[in-house]
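The file upload-v4.cif comes next; it holds mmCIF, C-alpha atoms and all ligand atoms.
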data_protein
#
loop_
_atom_site.label_atom_id
_atom_site.label_comp_id
_atom_site.auth_asym_id
_atom_site.auth_seq_id
_atom_site.Cartn_x
_atom_site.Cartn_y
_atom_site.Cartn_z
CA MET J 1 138.29 69.20 112.84
CA THR J 2 140.28 72.28 113.76
CA GLN J 3 138.69 75.56 112.84
CA PRO J 4 140.93 78.22 111.27
CA PRO J 5 141.79 80.95 113.84
CA LYS J 6 139.30 83.80 113.84
CA ASP J 7 140.51 87.33 113.08
CA LEU J 8 139.65 90.04 115.59
CA THR J 9 136.60 92.15 114.75
CA ASP J 10 136.71 95.95 114.97
CA HIS J 11 134.76 95.70 118.19
CA GLN J 12 137.27 93.24 119.66
CA LEU J 13 140.17 95.48 118.63
CA LEU J 14 138.55 98.20 120.74
CA ARG J 15 137.46 96.01 123.63
CA TYR J 16 140.90 94.42 124.08
CA SER J 17 142.89 97.53 123.12
CA ARG J 18 144.67 97.75 126.49
CA HIS J 19 146.03 94.26 125.92
CA ILE J 20 146.86 94.95 122.30
CA LEU J 21 148.82 98.06 123.33
CA LEU J 22 151.22 95.81 125.24
CA PRO J 23 154.10 94.87 122.93
CA GLN J 24 154.18 91.43 124.61
CA VAL J 25 150.57 90.73 123.62
CA ASP J 26 149.88 92.81 120.50
CA ILE J 27 147.20 91.79 117.99
CA ALA J 28 148.72 88.34 117.48
CA GLY J 29 148.70 87.51 121.20
CA GLN J 30 145.13 88.73 121.67
CA GLN J 31 144.11 86.70 118.66
CA ARG J 32 145.61 83.61 120.28
CA ILE J 33 143.68 84.37 123.49
CA VAL J 34 140.39 84.78 121.59
CA ASN J 35 140.98 81.49 119.80
CA SER J 36 141.89 79.53 122.92
CA ARG J 37 140.07 77.04 125.10
CA VAL J 38 140.75 76.67 128.84
CA LEU J 39 139.46 74.15 131.40
CA VAL J 40 139.06 75.64 134.89
CA LEU J 41 138.69 73.09 137.69
CA GLY J 42 136.79 74.65 140.57
CA ALA J 43 134.50 77.70 140.57
CA GLY J 44 135.32 78.71 144.15
CA GLY J 45 137.71 81.19 145.73
CA LEU J 46 140.57 80.68 143.28
CA GLY J 47 138.28 79.92 140.36
CA SER J 48 136.43 83.22 140.80
CA PRO J 49 139.25 85.61 139.79
CA ILE J 50 140.56 83.06 137.28
CA LEU J 51 137.17 82.85 135.53
CA LEU J 52 136.46 86.58 135.69
CA TYR J 53 139.87 87.61 134.31
CA LEU J 54 139.90 84.95 131.60
CA ALA J 55 136.40 85.94 130.48
CA ALA J 56 137.31 89.65 130.59
CA ALA J 57 140.41 88.84 128.51
CA GLY J 58 138.21 87.24 125.85
CA VAL J 59 139.35 83.61 126.13
CA GLY J 60 137.31 81.94 123.37
CA GLU J 61 135.91 79.03 125.34
CA ILE J 62 135.97 78.39 129.07
CA LEU J 63 134.96 75.04 130.52
CA ILE J 64 134.00 75.26 134.19
CA ALA J 65 134.04 72.07 136.27
CA ASP J 66 132.54 72.12 139.76
CA GLY J 67 130.04 69.81 141.40
CA ASP J 68 129.05 72.08 144.29
CA SER J 69 126.24 74.57 144.84
CA VAL J 70 126.72 78.12 146.09
CA ASP J 71 126.58 78.32 149.88
CA GLU J 72 126.23 81.52 151.87
CA THR J 73 129.65 80.92 153.50
CA ASN J 74 131.26 81.00 150.02
CA LEU J 75 130.32 84.61 149.33
CA GLN J 76 133.05 86.13 151.57
CA ARG J 77 135.65 85.19 148.91
CA GLN J 78 134.04 83.55 145.86
CA ILE J 79 133.40 86.77 143.98
CA VAL J 80 132.05 85.19 140.81
CA HIS J 81 128.87 84.32 142.76
CA ARG J 82 126.13 86.65 144.03
CA THR J 83 123.86 86.54 147.08
CA GLY J 84 120.93 85.70 144.83
CA SER J 85 122.78 82.62 143.58
CA VAL J 86 122.85 80.82 146.95
CA GLY J 87 121.55 77.29 146.36
CA GLU J 88 122.28 77.37 142.60
CA LYS J 89 124.90 75.16 141.00
CA LYS J 90 128.23 76.97 141.02
CA THR J 91 128.74 76.27 137.33
CA ALA J 92 125.38 77.87 136.46
CA SER J 93 125.96 80.84 138.74
CA ALA J 94 129.47 81.46 137.34
CA ARG J 95 128.27 81.02 133.76
CA ALA J 96 125.52 83.62 134.21
CA ASN J 97 127.99 86.18 135.57
CA LEU J 98 130.59 85.50 132.91
CA ALA J 99 127.93 85.90 130.21
CA GLU J 100 127.06 89.30 131.65
CA LEU J 101 130.74 90.26 131.70
CA ASN J 102 131.58 89.14 128.16
CA SER J 103 129.01 87.53 125.89
CA ASP J 104 131.74 86.71 123.32
CA VAL J 105 133.01 83.91 125.56
CA VAL J 106 131.53 80.44 125.13
CA VAL J 107 131.10 78.91 128.59
CA THR J 108 130.59 75.18 129.04
CA GLU J 109 129.30 73.93 132.39
CA ILE J 110 130.59 70.64 133.76
CA ASP J 111 128.46 70.14 136.82
CA SER J 112 130.51 67.47 138.61
CA HIS J 113 133.79 66.78 140.37
CA LEU J 114 135.98 65.24 137.67
CA ASP J 115 138.02 62.11 138.18
CA GLU J 116 141.15 61.51 136.13
CA ALA J 117 139.34 59.77 133.26
CA SER J 118 136.75 62.51 132.85
CA MET J 119 139.44 65.20 133.17
CA LEU J 120 141.27 63.52 130.29
CA GLY J 121 138.13 63.73 128.20
CA TRP J 122 137.35 67.36 128.97
CA ALA J 123 140.96 68.61 128.84
CA ARG J 124 141.53 67.15 125.38
CA GLY J 125 141.65 70.05 122.92
CA CYS J 126 142.22 72.63 125.66
CA ASP J 127 145.26 74.90 125.54
CA VAL J 128 145.68 75.18 129.32
CA VAL J 129 144.13 73.58 132.42
CA VAL J 130 143.86 75.76 135.54
CA ILE J 131 143.17 74.14 138.88
CA GLY J 132 141.68 75.90 141.86
CA THR J 133 140.15 73.02 143.80
CA ASP J 134 141.13 72.57 147.42
CA ASN J 135 142.26 68.95 147.48
CA PHE J 136 145.36 66.98 146.57
CA SER J 137 143.54 64.15 144.83
CA SER J 138 142.19 66.52 142.13
CA ARG J 139 145.66 68.01 141.65
CA TYR J 140 147.26 64.59 141.24
CA ALA J 141 144.54 63.64 138.73
CA ALA J 142 144.93 66.92 136.78
CA ASN J 143 148.71 66.43 136.78
CA ARG J 144 148.42 62.99 135.21
CA ALA J 145 145.74 64.08 132.71
CA CYS J 146 147.75 67.13 131.55
CA MET J 147 150.90 65.01 131.30
CA ALA J 148 149.10 62.44 129.15
CA LEU J 149 147.81 65.19 126.84
CA GLY J 150 151.00 67.29 126.87
CA ILE J 151 149.29 70.52 127.94
CA PRO J 152 150.24 73.05 130.64
CA LEU J 153 148.69 72.97 134.13
CA VAL J 154 148.48 76.13 136.23
CA SER J 155 148.13 75.14 139.88
CA GLY J 156 147.25 77.29 142.88
CA ALA J 157 146.28 76.80 146.51
CA ALA J 158 145.43 79.11 149.41
CA ILE J 159 144.49 78.76 153.04
CA GLY J 160 144.51 81.09 156.02
CA LEU J 161 146.82 83.96 155.09
CA SER J 162 149.05 82.01 152.73
CA GLY J 163 149.04 80.65 149.23
CA GLN J 164 151.17 79.18 146.48
CA VAL J 165 151.31 78.98 142.68
CA SER J 166 153.27 76.96 140.15
CA VAL J 167 153.05 75.99 136.46
CA PHE J 168 153.70 72.54 135.03
CA ASP J 169 154.23 72.80 131.29
CA PHE J 170 154.17 69.32 129.79
CA ARG J 171 155.09 70.68 126.35
CA ARG J 172 158.60 71.06 127.83
CA ASP J 173 160.81 68.08 128.65
CA ASP J 174 162.55 69.96 131.46
CA SER J 175 159.29 70.83 133.26
CA PRO J 176 158.79 69.05 136.59
CA CYS J 177 155.32 67.68 137.34
CA PHE J 178 153.12 68.29 140.40
CA SER J 179 154.24 64.98 141.89
CA CYS J 180 157.93 66.01 141.59
CA LEU J 181 157.01 68.83 143.98
CA PHE J 182 154.49 67.03 146.19
CA PRO J 183 155.08 63.26 146.00
CA ASP J 184 151.86 61.28 145.46
CA GLY J 185 149.92 60.23 148.50
CA LEU J 186 149.62 63.53 150.35
CA ASP J 187 146.27 64.00 152.05
CA ASP J 188 144.46 67.21 152.65
CA GLU J 189 145.27 68.34 156.14
CA ALA J 190 143.03 71.38 156.19
CA SER J 191 140.59 73.16 153.94
CA CYS J 192 139.23 76.69 153.86
CA ALA J 193 135.97 75.23 155.17
CA THR J 194 137.63 74.08 158.38
CA ALA J 195 140.64 76.41 158.78
CA GLY J 196 139.35 79.66 157.28
CA VAL J 197 140.92 81.94 154.67
CA LEU J 198 141.16 85.70 154.17
CA GLY J 199 139.02 86.52 151.13
CA PRO J 200 141.50 88.57 149.07
CA VAL J 201 144.28 85.99 149.60
CA VAL J 202 142.47 83.59 147.24
CA GLY J 203 141.97 86.60 144.96
CA MET J 204 145.72 87.25 144.88
CA ILE J 205 146.61 83.64 144.14
CA GLY J 206 143.82 83.22 141.58
CA SER J 207 144.90 86.44 139.87
CA VAL J 208 148.48 85.14 139.58
CA GLN J 209 147.05 81.96 138.03
CA ALA J 210 145.13 84.12 135.52
CA VAL J 211 148.35 86.02 134.67
CA GLU J 212 150.22 82.77 134.09
CA THR J 213 147.37 81.39 131.96
CA LEU J 214 147.28 84.47 129.73
CA LYS J 215 151.09 84.33 129.34
CA LEU J 216 150.83 80.71 128.22
CA LEU J 217 147.95 81.45 125.84
CA ALA J 218 149.41 84.58 124.26
CA GLY J 219 152.94 83.15 124.32
CA PHE J 220 155.08 85.67 126.15
CA GLY J 221 157.19 86.00 129.31
CA GLU J 222 158.64 83.33 131.54
CA PRO J 223 155.98 81.18 133.21
CA LEU J 224 156.50 79.74 136.71
CA VAL J 225 157.83 76.41 135.41
CA GLY J 226 160.09 74.77 138.01
CA VAL J 227 159.29 77.62 140.39
CA LEU J 228 156.97 77.54 143.40
CA MET J 229 155.81 81.04 144.38
CA THR J 230 154.54 81.31 147.92
CA LEU J 231 152.67 84.16 149.57
CA ASP J 232 152.52 85.04 153.25
CA ALA J 233 149.93 87.80 153.54
CA SER J 234 150.69 88.49 157.22
CA ASP J 235 153.81 90.44 156.20
CA LEU J 236 152.93 90.45 152.48
CA SER J 237 156.04 88.54 151.43
CA TRP J 238 156.38 86.49 148.24
CA GLN J 239 159.09 83.86 147.96
CA ARG J 240 160.32 81.82 144.98
CA PHE J 241 161.59 78.28 145.35
CA ARG J 242 163.23 76.53 142.39
CA PHE J 243 162.73 72.80 141.91
CA LYS J 244 163.59 70.29 139.22
CA ARG J 245 162.20 67.06 137.75
CA LEU J 246 162.68 64.28 140.28
CA PRO J 247 164.73 61.55 138.59
CA ASP J 248 162.68 58.85 140.33
CA CYS J 249 159.25 60.54 140.12
CA PRO J 250 156.88 57.63 139.42
CA VAL J 251 154.52 59.90 137.44
CA CYS J 252 157.27 61.41 135.25
CA GLN J 253 158.57 57.95 134.47
CA GLN J 254 155.45 57.48 132.34
CA ARG J 255 156.27 60.49 130.15
ZN ZN K 1 157.20 64.21 138.19
#

Produce structure tokens that represent the structure in this file.
Ligand SMILES: [Zn+2]
Amino acid sequence: MTQPPKDLTDHQLLRYSRHILLPQVDIAGQQRIVNSRVLVLGAGGLGSPILLYLAAAGVGEILIADGDSVDETNLQRQIVHRTGSVGEKKTASARANLAELNSDVVVTEIDSHLDEASMLGWARGCDVVVIGTDNFSSRYAANRACMALGIPLVSGAAIGLSGQVSVFDFRRDDSPCFSCLFPDGLDDEASCATAGVLGPVVGMIGSVQAVETLKLLAGFGEPLVGVLMTLDASDLSWQRFRFKRLPDCPVCQQR
């Protein structure tokens, strides 16, 4: 039961006017954003700017999946949470702040770490899945779920002073998958919890993920498909690496 797309109200035309002024977005692009649904995996350092920018942009429905509670050590970088939210579920804390930012946005809390089967269920009907969790197993699961559903996955990671972003758009036959880039079976060597991370570095990577998500939703520009962008904040250098579908990728062979 698909609902017909909603027209923008006068208030929304004003609120999103700085998007609408962009010829790449215009009224039609903003309307697509307002009528979209996005699943965000992880309400942590990457998830914070992703959630805040997507809510500010007026994404119609945001599903937030995270099974953790807010810890005091999160607050140095996870800017969607507040000191008063320590001990609360991250999904509840993020939802409260997004509601304050933009009450137009419907926020659904998924208070658990999703496995592949539950990701498939929640991602169905979403326009984009964005992943900001800090482990490979979630990324492999999101990769397979998005491939099965034919929807784009915006992936990001950050640790220390470095980060990386890429987009896997399963609506396109030429798009590589996450496993073409990082063959299945990689383990997490380090996490922010053990190795540390500079707060704004996750902000930079999460913001790039938000940019890519809005491009996919509104339908403009060239997303980072087949491109891995890496950031080294120590000398503030960004690099682009091109990669293709692996002919023998075991995950892609199921496409
Ligand atoms: Zn692949």

Surrounding residues as a PDB file with C-alpha atoms, keeping the file's coordinate frame, ligand ZN 1 (chain K), max 7 Å, all atoms listed in the file:
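Produced file result31.pdb, reproduced below:
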ATOM      1  CA  PRO J 176     158.790  69.050 136.590  1.00  0.00           C
ATOM      2  CA  CYS J 177     155.320  67.680 137.340  1.00  0.00           C
ATOM      3  CA  PHE J 178     153.120  68.290 140.400  1.00  0.00           C
ATOM      4  CA  SER J 179     154.240  64.980 141.890  1.00  0.00           C
ATOM      5  CA  CYS J 180     157.930  66.010 141.590  1.00  0.00           C
ATOM      6  CA  ARG J 245     162.200  67.060 137.750  1.00  0.00           C
ATOM      7  CA  LEU J 246     162.680  64.280 140.280  1.00  0.00           C
ATOM      8  CA  CYS J 249     159.250  60.540 140.120  1.00  0.00           C
ATOM      9  CA  PRO J 250     156.880  57.630 139.420  1.00  0.00           C
ATOM     10  CA  VAL J 251     154.520  59.900 137.440  1.00  0.00           C
ATOM     11  CA  CYS J 252     157.270  61.410 135.250  1.00  0.00           C
TER      12      CYS J 252
END

Margin query: Show me, as a list in words, the residues that have an atom within 8 Å of J:Gly206 when counting only C-alpha atoms, minus same-chain residues fewer than 6 positions from it.
Written below: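 Near J:Gly206, the qualifying residues are Gly45, Leu46, Gly47, Ser48, Pro49, Ile50, Gly132 and Gly156 of chain J.
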
Checklist line | Selected residue of minimal separation from J:Ile79 among J:Val202, J:Ala145, J:Gly67, J:Val25, counting only C-alpha atoms | finding: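 Ranked by minimum distance to J:Ile79, first place goes to J:Val202.
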
If we count all atoms listed in the file, what is near J:Asp232 at a cut-off of 9 Å, once residues fewer than 4 positions away on the same chain are taken out, given as a compact mmCIF listing (two decimals) with C-alpha atoms, in the coordinates of the input?
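Listing of result_18.txt after writing:
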# COMPACT_ATOMS: atom_id res chain seq x y z
CA LEU J 161 146.82 83.96 155.09
CA SER J 162 149.05 82.01 152.73
CA GLY J 163 149.04 80.65 149.23
CA LEU J 236 152.93 90.45 152.48
CA SER J 237 156.04 88.54 151.43
CA TRP J 238 156.38 86.49 148.24
CA GLN J 239 159.09 83.86 147.96

Box in all listed atoms of stretch 209-225 of chain J, axis-aligned, with 3 Å more on each side; write out centre and edge lengths in Å to one decimal as JSON.
{"center_x": 151.9, "center_y": 81.2, "center_z": 131.1, "size_x": 19.5, "size_y": 15.6, "size_z": 19.8}

Next item on the list: Have a look at J:Gln12, J:Asn97, J:Ala148, J:Tyr140 and name the one nearest to J:Leu120; count all atoms listed in the file.
Entry: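 The shortest atom-to-atom distance to J:Leu120 comes from J:Ala148.
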
Next item on the list: Would you work out the distance separating atom CA of J:Asp111 from atom CA of J:Cys192, expressed in Å to one decimal?
Entry: 21.2 Å

Notebook entry, point to check: In Å, how far is it from atom CA of J:Ile131 to atom CA of J:Glu72?
Noted result: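 Atom CA of J:Glu72 lies at a distance of 22.6 Å from atom CA of J:Ile131.
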
Note to self: With distances taken over all atoms listed in the file, which residue among J:Arg255, J:His113, J:Arg240, J:Lys215 lies nearest J:Leu41?
What the structure shows: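 Of the candidates, the smallest distance to J:Leu41 is held by J:His113.
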
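Atom CA of J:Gly87 to atom CA of J:Ser69 spans 5.6 Å [interatomic distance, one decimal].
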
Item checked: Nearest residue to J:Ile205 from the set J:Gln31, J:Ser166, J:Asp188, J:Asn102 (distances using all atoms listed in the file) ->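 Residue with the minimum atom-to-atom distance to J:Ile205: J:Ser166.
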
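Across J:Ala141, J:Leu228, J:Ala193, J:Val128, the tightest approach to J:Asp169 is made by J:Val128 when counting all atoms listed in the file.
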
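Of the residues under consideration (J:Pro247, J:Gly199, J:Gly42, J:Pro223), J:Gly199 shows the shortest atom-to-atom contact distance to J:Gln76 when counting all atoms listed in the file.
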
Need the shell around J:Leu75: protein/DNA/RNA residues with any atom at most 10 Å away, counting all atoms listed in the file. Skip same-chain ones fewer than 3 positions apart. Format as a PDB file with C-alpha atoms, in the frame of the given file?
ATOM      1  CA  GLY J  44     135.320  78.710 144.150  1.00  0.00           C
ATOM      2  CA  GLY J  45     137.710  81.190 145.730  1.00  0.00           C
ATOM      3  CA  VAL J  70     126.720  78.120 146.090  1.00  0.00           C
ATOM      4  CA  ASP J  71     126.580  78.320 149.880  1.00  0.00           C
ATOM      5  CA  GLU J  72     126.230  81.520 151.870  1.00  0.00           C
ATOM      6  CA  GLN J  78     134.040  83.550 145.860  1.00  0.00           C
ATOM      7  CA  ILE J  79     133.400  86.770 143.980  1.00  0.00           C
ATOM      8  CA  VAL J  80     132.050  85.190 140.810  1.00  0.00           C
ATOM      9  CA  HIS J  81     128.870  84.320 142.760  1.00  0.00           C
ATOM     10  CA  ARG J  82     126.130  86.650 144.030  1.00  0.00           C
ATOM     11  CA  THR J  83     123.860  86.540 147.080  1.00  0.00           C
ATOM     12  CA  SER J  85     122.780  82.620 143.580  1.00  0.00           C
ATOM     13  CA  VAL J  86     122.850  80.820 146.950  1.00  0.00           C
ATOM     14  CA  GLY J 199     139.020  86.520 151.130  1.00  0.00           C
TER      15      GLY J 199
END

Next item on the list: Step by step: start from the point (156.2, 86.6, 123.2) in the file's coordinates, keep every protein, DNA or RNA residue that has an atom no farther than 8 Å from it, count all atoms listed in the file, and write the set as a count of residues only.
Entry: 7

Complete the atoms of stretch 64-75 of chain J to all heavy atoms and put them out as a PDB file, keeping the file's coordinate frame.
ATOM      1  N   ILE J  64     133.972  75.151 132.730  1.00  0.00           N
ATOM      2  CA  ILE J  64     134.000  75.260 134.190  1.00  0.00           C
ATOM      3  C   ILE J  64     133.548  73.945 134.796  1.00  0.00           C
ATOM      4  O   ILE J  64     132.414  73.513 134.556  1.00  0.00           O
ATOM      5  CB  ILE J  64     133.040  76.345 134.723  1.00  0.00           C
ATOM      6  CG1 ILE J  64     133.132  77.632 133.911  1.00  0.00           C
ATOM      7  CG2 ILE J  64     133.292  76.612 136.196  1.00  0.00           C
ATOM      8  CD1 ILE J  64     132.080  78.665 134.333  1.00  0.00           C
ATOM      9  N   ALA J  65     134.419  73.323 135.606  1.00  0.00           N
ATOM     10  CA  ALA J  65     134.040  72.070 136.270  1.00  0.00           C
ATOM     11  C   ALA J  65     133.934  72.304 137.769  1.00  0.00           C
ATOM     12  O   ALA J  65     134.896  72.732 138.411  1.00  0.00           O
ATOM     13  CB  ALA J  65     135.065  70.988 135.976  1.00  0.00           C
ATOM     14  N   ASP J  66     132.754  72.038 138.312  1.00  0.00           N
ATOM     15  CA  ASP J  66     132.540  72.120 139.760  1.00  0.00           C
ATOM     16  C   ASP J  66     131.239  71.395 140.063  1.00  0.00           C
ATOM     17  O   ASP J  66     130.244  71.597 139.367  1.00  0.00           O
ATOM     18  CB  ASP J  66     132.475  73.583 140.221  1.00  0.00           C
ATOM     19  CG  ASP J  66     132.701  73.715 141.730  1.00  0.00           C
ATOM     20  OD1 ASP J  66     132.021  73.012 142.513  1.00  0.00           O
ATOM     21  OD2 ASP J  66     133.563  74.520 142.134  1.00  0.00           O
ATOM     22  N   GLY J  67     131.247  70.569 141.086  1.00  0.00           N
ATOM     23  CA  GLY J  67     130.040  69.810 141.400  1.00  0.00           C
ATOM     24  C   GLY J  67     129.232  70.397 142.545  1.00  0.00           C
ATOM     25  O   GLY J  67     128.188  69.846 142.912  1.00  0.00           O
ATOM     26  N   ASP J  68     129.704  71.517 143.116  1.00  0.00           N
ATOM     27  CA  ASP J  68     129.050  72.080 144.290  1.00  0.00           C
ATOM     28  C   ASP J  68     127.990  73.121 143.940  1.00  0.00           C
ATOM     29  O   ASP J  68     127.946  73.624 142.823  1.00  0.00           O
ATOM     30  CB  ASP J  68     130.078  72.762 145.205  1.00  0.00           C
ATOM     31  CG  ASP J  68     130.968  71.750 145.914  1.00  0.00           C
ATOM     32  OD1 ASP J  68     130.543  70.586 146.045  1.00  0.00           O
ATOM     33  OD2 ASP J  68     132.079  72.134 146.309  1.00  0.00           O
ATOM     34  N   SER J  69     127.185  73.459 144.948  1.00  0.00           N
ATOM     35  CA  SER J  69     126.240  74.570 144.840  1.00  0.00           C
ATOM     36  C   SER J  69     126.750  75.730 145.681  1.00  0.00           C
ATOM     37  O   SER J  69     127.542  75.536 146.617  1.00  0.00           O
ATOM     38  CB  SER J  69     124.863  74.143 145.348  1.00  0.00           C
ATOM     39  OG  SER J  69     124.375  73.073 144.565  1.00  0.00           O
ATOM     40  N   VAL J  70     126.283  76.933 145.363  1.00  0.00           N
ATOM     41  CA  VAL J  70     126.720  78.120 146.090  1.00  0.00           C
ATOM     42  C   VAL J  70     126.111  78.117 147.487  1.00  0.00           C
ATOM     43  O   VAL J  70     124.900  77.955 147.651  1.00  0.00           O
ATOM     44  CB  VAL J  70     126.296  79.414 145.343  1.00  0.00           C
ATOM     45  CG1 VAL J  70     126.794  80.644 146.096  1.00  0.00           C
ATOM     46  CG2 VAL J  70     126.805  79.417 143.908  1.00  0.00           C
ATOM     47  N   ASP J  71     126.992  78.293 148.483  1.00  0.00           N
ATOM     48  CA  ASP J  71     126.580  78.320 149.880  1.00  0.00           C
ATOM     49  C   ASP J  71     126.842  79.739 150.399  1.00  0.00           C
ATOM     50  O   ASP J  71     127.762  80.416 149.935  1.00  0.00           O
ATOM     51  CB  ASP J  71     127.449  77.298 150.644  1.00  0.00           C
ATOM     52  CG  ASP J  71     127.076  77.208 152.107  1.00  0.00           C
ATOM     53  OD1 ASP J  71     126.165  76.427 152.424  1.00  0.00           O
ATOM     54  OD2 ASP J  71     127.692  77.920 152.923  1.00  0.00           O
ATOM     55  N   GLU J  72     126.058  80.149 151.378  1.00  0.00           N
ATOM     56  CA  GLU J  72     126.230  81.520 151.870  1.00  0.00           C
ATOM     57  C   GLU J  72     127.647  81.780 152.390  1.00  0.00           C
ATOM     58  O   GLU J  72     128.177  82.884 152.257  1.00  0.00           O
ATOM     59  CB  GLU J  72     125.201  81.823 152.967  1.00  0.00           C
ATOM     60  CG  GLU J  72     125.143  83.299 153.279  1.00  0.00           C
ATOM     61  CD  GLU J  72     123.915  83.709 154.068  1.00  0.00           C
ATOM     62  OE1 GLU J  72     123.119  82.835 154.447  1.00  0.00           O
ATOM     63  OE2 GLU J  72     123.778  84.926 154.296  1.00  0.00           O
ATOM     64  N   THR J  73     128.290  80.743 152.967  1.00  0.00           N
ATOM     65  CA  THR J  73     129.650  80.920 153.500  1.00  0.00           C
ATOM     66  C   THR J  73     130.701  81.073 152.399  1.00  0.00           C
ATOM     67  O   THR J  73     131.844  81.407 152.678  1.00  0.00           O
ATOM     68  CB  THR J  73     130.050  79.725 154.389  1.00  0.00           C
ATOM     69  OG1 THR J  73     130.012  78.538 153.592  1.00  0.00           O
ATOM     70  CG2 THR J  73     129.105  79.572 155.574  1.00  0.00           C
ATOM     71  N   ASN J  74     130.324  80.820 151.136  1.00  0.00           N
ATOM     72  CA  ASN J  74     131.260  81.000 150.020  1.00  0.00           C
ATOM     73  C   ASN J  74     131.430  82.467 149.651  1.00  0.00           C
ATOM     74  O   ASN J  74     132.445  82.862 149.073  1.00  0.00           O
ATOM     75  CB  ASN J  74     130.760  80.281 148.749  1.00  0.00           C
ATOM     76  CG  ASN J  74     130.605  78.779 148.887  1.00  0.00           C
ATOM     77  OD1 ASN J  74     129.763  78.195 148.227  1.00  0.00           O
ATOM     78  ND2 ASN J  74     131.400  78.155 149.736  1.00  0.00           N
ATOM     79  N   LEU J  75     130.408  83.275 149.944  1.00  0.00           N
ATOM     80  CA  LEU J  75     130.320  84.610 149.330  1.00  0.00           C
ATOM     81  C   LEU J  75     131.391  85.580 149.846  1.00  0.00           C
ATOM     82  O   LEU J  75     131.674  86.587 149.206  1.00  0.00           O
ATOM     83  CB  LEU J  75     128.929  85.211 149.576  1.00  0.00           C
ATOM     84  CG  LEU J  75     127.774  84.398 148.950  1.00  0.00           C
ATOM     85  CD1 LEU J  75     126.434  84.971 149.402  1.00  0.00           C
ATOM     86  CD2 LEU J  75     127.864  84.391 147.428  1.00  0.00           C
TER      87      LEU J  75
END
